[in-house]
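Here the structure is laid out as structure tokens; the discussion comes afterwards.
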Amino acid sequence: MMKQKEKDMLVFQNSESPDGSQLLALEEALQQTQKKLESLRLELESTQQELAQAQALIAAGVLPDQSATAAAAAAASLPVGRFTRYRRVIALEQLGKRVLEKNATPGTSLEDVVAFYLAGVEKIYPDMRCSALQLQRERLYPVAAPSLPSDFSRALNGILLEQAKEAFLKDASSGEKVIIKHIVQESKNELLQELARSFDINACWSFPVVSTGQKVLGAFVVYLQEAKAPTSEEETSLESVRNLLQLIMESKLAEKELRESNERFYYATLATNDAIWDFDLHTGTIAWGLGFEKLFGFKVQEFGLEFDLWAHQVHPEDLDRVNASLEEVITHANKDFWREEYRFMKANGEYAYVVDQGSLIRDDVGKPVRIVGAMQDITAQKQAEEELRKLSVVARETVNGVLIMHPDLTVHWVNPSFTRMLGYTLEEIAGKTLGSFLSGAETDLGTLAYIDERLSKVQSLECDLLQYSKTHGKRWIKLQVQPLLDEHGQVERVFALLTDITQQKAEEQQLRLLESVITNAQDAIIISEVKPDDLHSLESIYFNNAFFAMTGYTQEEVLGKDPSFLNGPDTDPQVMEEIIRQMQAGLACEGELESYRKDGSRFWAQLLLIPMFNHKNQLTHWISMLRDITLRKSYAQERELLISELTQNNADLKQFTFITSHNLRAPLSNLTGIINLLDLDAVPEGRNKLLIQKFKESTVQLNTIIDDLLEILVIRNKPLTQKEQISLPEAFERVRLSVDGLLTEIGAQVTADFSQVPEVYYNGGYLYSILLNLLSNAIKYQSPDRVLHIEVTTEAVDGHQFLHFKDNGLGIDLKRYGERIFGLYQRFHQRKDSKGMGLYIAHSQAKAMGGNLTVASEVDQGTTFTLQF
């Protein structure tokens, strides 16, 4: 049984593809080739009959058999080979018949037929190795080479004709054969030389295969190990092989091209929504494409091919007009195109508006033979046109912008709403195109291209477009365009409706942003709907991914439930009562609740509830946001515990320090008083006097340490030490005068520049103490190798104030002592009067004032202290 696809293709066996003249030429070429093949088949049958008669005569003794003929030939001194040539001719004719039968078998390929033929030739001529090449777009491709190695064929696959010249073909248009009896000695072709060396061949005979239209199709090539030229008998036989190869290749290639063309046409009909048709004027029949069934519901095979069947479906009011226009195209020699619009009845009895158009095909003498065309269903377009015609009545009064354009898309008319929307009057824009005054920098070029494409095809369109008003304000416009056609299908006007959607676009953008925020938020978000009959009962309609990750529930388990399913036994009822009270009042509220996951584990959640109201101010939804604060709660509890412990420890340490200082102060005062009563001058020289002197020094040193510790305690316990406006030059001068004697004694040089920060708001005592500590240290740790130079400057940077104290003394090894520089009792130089308290006190005082004291230093280069106020 014939397949459906083959049936469908037979429907179109006389139809034209979009390139109809070429398809006709192919059909004619195929018919001519088939006629030649039939003639050759008949000739072969005649030869076979003659051969059978000869064999019968031999059997009857009328003609001698082979052995007798050979003896007679020897006796008459005739060459034995003459009969051998006869046998070859007979064998070639029989082979040719079998090849033609195989070629006519459906489904056989060019490669199969040629391979079968060449294998038979090689049996008749065992010393020959045959191959066939096909020429395609200036390249040669092997068709078949039965006895040649696969590497041989691969070497020739796709070679340029230029590489094959003087070896297989002269050029793409030459039918001249190429006979090379000794490749190495005669041929200059590098490719052929390489093949000869690699595959042990010495002779190459090439016979071009030329079509009836004198087009070179390829070449029939014979290779031999023996270096020689073909004999006249061999050349004649090979010419006959070449001729049969021409018929085979020509017929197969034509058949392939016709099949591919039909397939393209077949699939084109599947892809289009048009009903393609082919009207044979000689038979009066119409062949329909598959689109006919899709558009109108008729089965192609059942509808029939008669012209009258089509005419019967045309609306009676349109039939005379359509027939007249069709007859006019057929009878006028100068008309080759037909187009009409009419109503056509579908299989369900409804009429569809169609546009039908076709091209007239004439024969060689100009006589019309066929019309090939297509029908399109334009019912929807017609309905839209009618709707637009109705809308035009109210166009002037609508709040939307209405624009009517000429077929060339220049402005013909605008309504008042267009002027209010974009600022342009009809007088300002009449005769202009929209793009010349409405488009701007941010107008999307892709959308403009889409509009141009649709309008070029006379198709309606709808799109959103950013346009600019007369005052250069940006407006988002919903543009709806509909071409209006006249009775001849030509564009009469183009109607456009413009709706200002600027606010809608802004809201859409805001909604997209909100949607993105909600979807990607790390906090769990629930959107619940308020039930109309119970404003306190909620039905959850949305949960984001963070909720499922936080609680372990799935959407199916919680959708439609009240969010209170997260509560449990340890959820604080007082917090819940307060939240419910706020919700009843329609107010946003928040609280911290202990909630429960799906697996029963507890977590602390910070809950924020936001009410949503509609345009009537009615509460419709609640948005719940939950943040997991379990870790924060845990940290807060630990922090409160630590703060409590540290506060108690600090109070204990302070109490201990004050008690210790007080208890030490009393006996120390007694020791100091006893030392002061001793008259060292009255004590004789010796060990006792030395002990008393050392005792006195230790007592004084201990007293100093106690005073320093008490001062530190005072600093630590007075965070709000009183501040005042202080002149830095005056404060530094006061400190300098207090050590002026020491400075003069060592010849120190002191420079100061307070121009950038002349005054600071600071505690006077602290500032004096800090400056005195820094100045004293500079004197104490001066370098013995150079005169001490001290430079004091101020600096104001980005609202911050700094004092830089620089000296060129011994310096400090910060790599070694950097972490301990401001520590208590830290000493960096071996001096008896160094206590390790000064920098600690100065740093504590700077910190107490809300600033800082930092240091930069290099050994034997000096030190710079920076006081940040």
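As shown in the structure tokens, the chain order sets the letters A, B, ...; within each chain, residues go from 1, and ligands are also counted from 1 in the order they appear.
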
Using DSSP on the backbone coordinates, identify the residues of stretch 268-402 of chain A assigned to strand (DSSP E or B); present them as a ChimeraX atom specification. /A:275-280,285-288,306,314,337-345,351-362,368-377,401-402

Which distance in Å separates atom CA of A:Met128 and atom CA of A:Tyr223, to one decimal?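 That distance, rounded to one decimal, is 6.0 Å.
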
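Excluding A:Ile527 itself and any same-chain residue fewer than 6 positions from it, the protein and nucleic acid residues within 10 Å of it, counting only C-alpha atoms, are A:Leu538, A:Glu539, A:Ser540, A:Ile541, A:Tyr542, A:Phe543, A:Asn544, A:Pro563, A:Leu609, A:Ile610, A:Met612, A:His621, A:Trp622, A:Ile623, A:Ser624, A:Met625.
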
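One distance worth recording is that between atom CA of A:Arg687 and atom CA of A:Thr672, which is 20.7 Å.
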
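With atom CA of A:Glu640 on one side and atom CA of A:Trp604 on the other, the separation reads 17.5 Å.
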
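Residue nearest A:Ala748, chosen from A:Leu788, A:Leu642, A:Leu671, A:Leu466 and counting only C-alpha atoms: A:Leu788.
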
Alpha helix (DSSP H) call set, DSSP backbone run, stretch 264-496 of chain A, as a ChimeraX atom specification: /A:264-271,291-296,300-303,307-313,316-331,379-394,416-422,426-429,445-456

Residue among A:Asn334, A:Thr285, A:Gln482, A:Ser776 lying closest to A:Phe303, counting only C-alpha atoms: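 When distances to A:Phe303 are compared using only C-alpha atoms, the smallest one comes from A:Thr285.
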
Closest to A:Glu166 among A:Ile580, A:Ala347, A:Met421, A:Ile183, using only C-alpha atoms? A:Ile183

Can you list, as a list in words, every protein, DNA or RNA residue that comes within 10 Å of stretch 194-200 of chain A when you count only C-alpha atoms, leaving out same-chain residues fewer than 2 positions away? Leu148, Pro149, Asp151, Phe152, Ala155, Leu156, His182, Ile183, Val184, Asn189, Glu190, Leu191, Leu192, Asn202, Ala203, Cys204, Tyr223, Leu224, Gln225 and Glu226 of chain A

Please provide the set of residues having any atom within 9 Å of stretch 790-801 of chain A, restricted to only C-alpha atoms, with same-chain residues fewer than 4 positions apart removed, written as a ChimeraX atom specification. /A:748-758,760,775,778,805-808,867-869

Neighbouring residues of A:Leu839 were defined as those with any atom within 8 Å, considering only C-alpha atoms; residues of the same chain fewer than 6 positions away were excluded. Please report them as number ranges by chain. A: 773-774, 821-823

Would you save the residues from that selection as a short mmCIF file (atom, residue, chain, number, x, y, z; two decimals), in the first residue's frame, using N, CA, C and O atoms?
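Output file part-v2.cif is given in full below:
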data_model
loop_
_atom_site.label_atom_id
_atom_site.label_comp_id
_atom_site.auth_asym_id
_atom_site.auth_seq_id
_atom_site.Cartn_x
_atom_site.Cartn_y
_atom_site.Cartn_z
N ASN A 773 54.93 64.55 79.99
CA ASN A 773 55.49 63.21 79.84
C ASN A 773 56.29 63.08 78.55
O ASN A 773 57.40 62.53 78.53
N LEU A 774 55.74 63.61 77.44
CA LEU A 774 56.43 63.51 76.16
C LEU A 774 57.72 64.32 76.16
O LEU A 774 58.77 63.87 75.66
N ILE A 821 54.27 49.01 74.01
CA ILE A 821 54.77 50.39 74.12
C ILE A 821 53.99 51.21 75.14
O ILE A 821 54.55 52.05 75.83
N PHE A 822 52.67 50.97 75.25
CA PHE A 822 51.87 51.73 76.20
C PHE A 822 51.42 50.87 77.38
O PHE A 822 50.42 51.17 78.02
N GLY A 823 52.19 49.83 77.68
CA GLY A 823 51.85 48.96 78.80
C GLY A 823 52.33 49.54 80.14
O GLY A 823 53.19 50.43 80.20
#

With distances taken over only C-alpha atoms, which residue among A:Gly568, A:Gly586, A:Gly289, A:Pro142 lies nearest A:Leu305?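 Between A:Gly568, A:Gly586, A:Gly289, A:Pro142, the residue approaching A:Leu305 most closely is A:Gly289.
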
What's the 12 Å shell around A:Asn400, counting only C-alpha atoms, without same-chain residues fewer than 5 positions away, as a PyMOL selection string? chain A and resi 391+394-395+414-422+477-480+496-501
